[in-house]
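First up is the structure itself, then whatever we jot down about it.
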Amino acid sequence: MMNEVTSIETEHEPDAEDLSPLPDDRIGAFSSYSLAADLLKLHEIYAGYIERIPPDAWIRRTERRAAGWTLLETLAHLDAIATIFNLSIEQALAHQPIQIAGFTTRHDLRALNRKAIDERMMLGYNVLSESFLDSLRYTARLASALSYSQLATTVEHPYFSGRPTIAELVGTSLVHAGMVHGSQLAVGTRMQPIWNFYDPGMMRRQLTRAFHMVGLAYWPERGGTLHATLVFQIDGQGGGRWFVRIDPSGGEGRLGTVRTADVTLTFASADLLCRVVTMQTEIWPLFLLRKLHIRGNPILATRMSRLFILT
């Protein structure tokens, strides 16, 4: 692992241009260097995580509801989506349209997830673990070689309503494994969520990638004529300020501040935000405990999951 990290650091030192593949990327969340380094860090975290899971734990549920995925199903899903994003990045770099069997629009996502999980279940946790970890390493190799123009190239992708850049495709792969499903293995194993192993810099980069993903994932057909700006203030280490702007043409998420907002949500920590997003914690208990402050339109705050959720 250390050899892989060192090779990226020595062969691809970040420069001023590389730190800004997207207009608002002041912290380098979408540079080839940081994407590759964070993917290798995520690989390291997951490798240590998986080796601590006893063989008899893979049948445990990762959610508190009876219909939730098992640990093995979650691992199969992580492997499937990492593979899909690697294929998408390869196709985008070859200037080909994104074509994934059974995935024409994001309405197909639920069925695609189930099919991909079922196809992988017979492989077992050892094979799936190695496949998933190999996919993270491969994404890191792809990211480390991306030029400025490649990072900024936009594509059509069935996962989104907007047009992500290739940098955002890589970032979404990082967020999917490192945040969206970062607590499911923890529920099944009583370990810390994945994001609690991030240093503050990586946490802030991951949040920046996540809010970009959220903006691109907005459902205009659900929002209708809605025009709104949602601000997220996150206190503590790795925190900062982000906003998501939506209108009938689509959405965008960015790092930074805006002059006016329809609703502002202030979280006491990045961990609390991640727990709310992954549905491990509900909003209203945090509000009553004053670990979350909501200013502006509370009704809009309650609609957020429907406006942005992908499945």
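By convention here, the chains of the structure tokens are called A, B, ... in the order presented, each chain's residues are numbered starting at 1, and ligands are numbered starting at 1 in the order presented.
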
Looking only at the backbone, which of the residues in range 74-302 of chain A does DSSP tag as strand (DSSP E or B), as a PyMOL selection string? chain A and resi 100+103+154+165+228-234+240-247+250-255+263-267+292-296

Using C-alpha atoms, can you write the selected residues to a file as a JSON list (two decimals), in the first residue's frame?
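Saved file again_12.json follows:
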```json
[["chain", "number", "residue", "atom", "x", "y", "z"],
["A", 100, "ILE", "CA", -24.13, -0.15, -19.17],
["A", 103, "PHE", "CA", -29.00, 0.82, -17.08],
["A", 154, "THR", "CA", -18.52, 16.39, -19.19],
["A", 165, "THR", "CA", -17.37, 15.77, -15.39],
["A", 228, "ALA", "CA", -34.30, 27.00, -4.05],
["A", 229, "THR", "CA", -30.88, 27.22, -2.45],
["A", 230, "LEU", "CA", -30.03, 24.91, 0.42],
["A", 231, "VAL", "CA", -27.02, 25.68, 2.61],
["A", 232, "PHE", "CA", -25.19, 23.14, 4.76],
["A", 233, "GLN", "CA", -22.95, 24.42, 7.55],
["A", 234, "ILE", "CA", -20.88, 21.68, 9.18],
["A", 240, "GLY", "CA", -17.13, 23.88, 6.21],
["A", 241, "ARG", "CA", -19.96, 25.43, 4.25],
["A", 242, "TRP", "CA", -21.60, 24.07, 1.08],
["A", 243, "PHE", "CA", -24.73, 24.87, -0.89],
["A", 244, "VAL", "CA", -27.01, 23.08, -3.33],
["A", 245, "ARG", "CA", -28.95, 25.20, -5.82],
["A", 246, "ILE", "CA", -31.95, 23.69, -7.65],
["A", 247, "ASP", "CA", -34.41, 24.86, -10.30],
["A", 250, "GLY", "CA", -31.47, 20.80, -12.68],
["A", 251, "GLY", "CA", -29.21, 21.17, -9.68],
["A", 252, "GLU", "CA", -25.65, 21.93, -8.66],
["A", 253, "GLY", "CA", -23.73, 21.49, -5.41],
["A", 254, "ARG", "CA", -20.74, 23.60, -4.51],
["A", 255, "LEU", "CA", -18.30, 24.42, -1.75],
["A", 263, "VAL", "CA", -33.02, 26.83, 4.21],
["A", 264, "THR", "CA", -29.78, 26.50, 6.18],
["A", 265, "LEU", "CA", -28.93, 23.35, 8.10],
["A", 266, "THR", "CA", -26.09, 23.56, 10.63],
["A", 267, "PHE", "CA", -24.72, 20.25, 11.88],
["A", 292, "LEU", "CA", -28.75, 20.44, 14.29],
["A", 293, "HIS", "CA", -30.09, 23.94, 13.67],
["A", 294, "ILE", "CA", -32.54, 24.66, 10.86],
["A", 295, "ARG", "CA", -33.07, 28.20, 9.67],
["A", 296, "GLY", "CA", -35.51, 29.12, 6.92]]
```

Residues near Leu151 in chain A, anyone? I mean within 8 Å using only C-alpha atoms, not counting same-chain ones fewer than 5 positions away, as a ChimeraX atom specification. /A:21,30-32,146,165-167

Once you have the residues from the selection above, write them out as a compact mmCIF listing (two decimals), in the first residue's frame, restricted to N, CA and C atoms.
```txt
# COMPACT_ATOMS: atom_id res chain seq x y z
N PRO A 21 -9.53 21.55 -11.43
CA PRO A 21 -10.18 21.03 -12.63
C PRO A 21 -11.63 21.50 -12.77
N PHE A 30 -11.11 17.56 -6.58
CA PHE A 30 -11.26 16.89 -7.87
C PHE A 30 -9.98 16.89 -8.70
N SER A 31 -8.84 17.11 -8.06
CA SER A 31 -7.58 16.98 -8.77
C SER A 31 -7.25 15.50 -8.93
N SER A 32 -6.49 15.17 -9.96
CA SER A 32 -6.12 13.78 -10.16
C SER A 32 -5.32 13.25 -8.98
N LEU A 146 -5.12 11.15 -15.12
CA LEU A 146 -6.03 12.07 -15.80
C LEU A 146 -5.41 13.46 -15.96
N THR A 165 -18.70 15.86 -14.79
CA THR A 165 -17.37 15.77 -15.39
C THR A 165 -16.79 14.40 -15.06
N ILE A 166 -15.71 14.03 -15.75
CA ILE A 166 -15.04 12.79 -15.41
C ILE A 166 -14.51 12.86 -13.98
N ALA A 167 -14.04 14.03 -13.56
CA ALA A 167 -13.60 14.19 -12.17
C ALA A 167 -14.74 13.89 -11.21
```

Between CA of Ala270 in chain A and CA of Ala177 in chain A, distance in Å (one decimal):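 These atoms are spaced 16.7 Å apart.
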
Find the nearest atom pair between each residue of range 167-186 of chain A and range 37-44 of chain A for residues within 10 Å, count only C-alpha atoms, give distances in Å to one decimal, sort rows by chain and ascending number, and present the table as a Markdown table.
```
| residue | atom | partner | partner_atom | distance |
| --- | --- | --- | --- | --- |
| A:Val170 | CA | A:Leu39 | CA | 9.2 |
| A:Gly171 | CA | A:Leu39 | CA | 9.3 |
| A:Ser173 | CA | A:Leu39 | CA | 9.0 |
| A:Leu174 | CA | A:Leu39 | CA | 6.5 |
| A:Val175 | CA | A:Leu39 | CA | 10.0 |
| A:Ala177 | CA | A:Leu42 | CA | 8.3 |
| A:Gly178 | CA | A:Leu42 | CA | 6.9 |
```

Write the residues of the selection above to a file with C-alpha atoms, as a PDB file, in the first residue's frame.
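Wrote it out as out-v2.pdb, contents follow:
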```pdb
ATOM      1  CA  VAL A 170     -14.411   9.490  -9.949  1.00  0.00           C
ATOM      2  CA  GLY A 171     -15.579  11.570  -6.988  1.00  0.00           C
ATOM      3  CA  SER A 173     -17.289   6.447  -6.904  1.00  0.00           C
ATOM      4  CA  LEU A 174     -15.348   7.622  -3.847  1.00  0.00           C
ATOM      5  CA  VAL A 175     -18.485   8.968  -2.170  1.00  0.00           C
ATOM      6  CA  ALA A 177     -18.132   3.519  -1.230  1.00  0.00           C
ATOM      7  CA  GLY A 178     -16.834   5.954   1.368  1.00  0.00           C
TER       8      GLY A 178
END
```

Apply DSSP to the structure's backbone, then extract all residues of range 24-152 of chain A labelled alpha helix (DSSP H) and return them as a ChimeraX atom specification. /A:32-51,71-93,109-120,124-144,148-151

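The residue that comes closest to Asp134 in chain A, out of A:Ser161, A:Thr172, A:Asn86, A:Thr104 and on the basis of only C-alpha atoms, is A:Asn86.
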
In Å, with one decimal, what is the gap from CA of His181 in chain A to CA of Leu169 in chain A?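 Taking CA of His181 in chain A and CA of Leu169 in chain A, their separation equals 16.7 Å.
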
Would you mind listing what lies within 12 Å of Thr189 in chain A as a count of residues only, with only C-alpha atoms counted and same-chain residues fewer than 4 positions away left out? 23

Using CA of Gly28 in chain A and CA of Ser135 in chain A as the two end points, give the distance in Å to one decimal.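 Computing it gives 22.7 Å between the two atoms.
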
Counting only C-alpha atoms, which of A:Met304, A:Ala143, A:Met179, A:Val258 gets nearest to Ser34 in chain A? A:Ala143

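Residues within 10 Å of range 125-131 of chain A, counting only C-alpha atoms and excluding same-chain residues fewer than 5 positions away, are Tyr46, Ala47, Ile50, Glu51, Pro55, Trp58, Leu71, Leu72, Glu73, Leu75, Ala76, His77, Leu78, Asp79, Ala80, Ala82, Thr83, Arg120, Leu136 and Arg137 of chain A.
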
Shell of 10 Å around Leu272 in chain A, only C-alpha atoms, local chain residues under 6 positions omitted, as a list of chain:residue names: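 Contacts, with the query itself left out: A:Ile234, A:Thr278, A:Gln280, A:Thr281, A:Glu282, A:Ile283, A:Leu286, A:Lys291, A:Leu292.
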
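Of the listed residues (A:His212, A:His157, A:His107, A:Arg190), A:His212 comes nearest to Leu22 in chain A; the distances count only C-alpha atoms.
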
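Closest to Glu168 in chain A among A:Ala92, A:Arg106, A:Pro285, A:His227 is A:Ala92, based on only C-alpha atoms.
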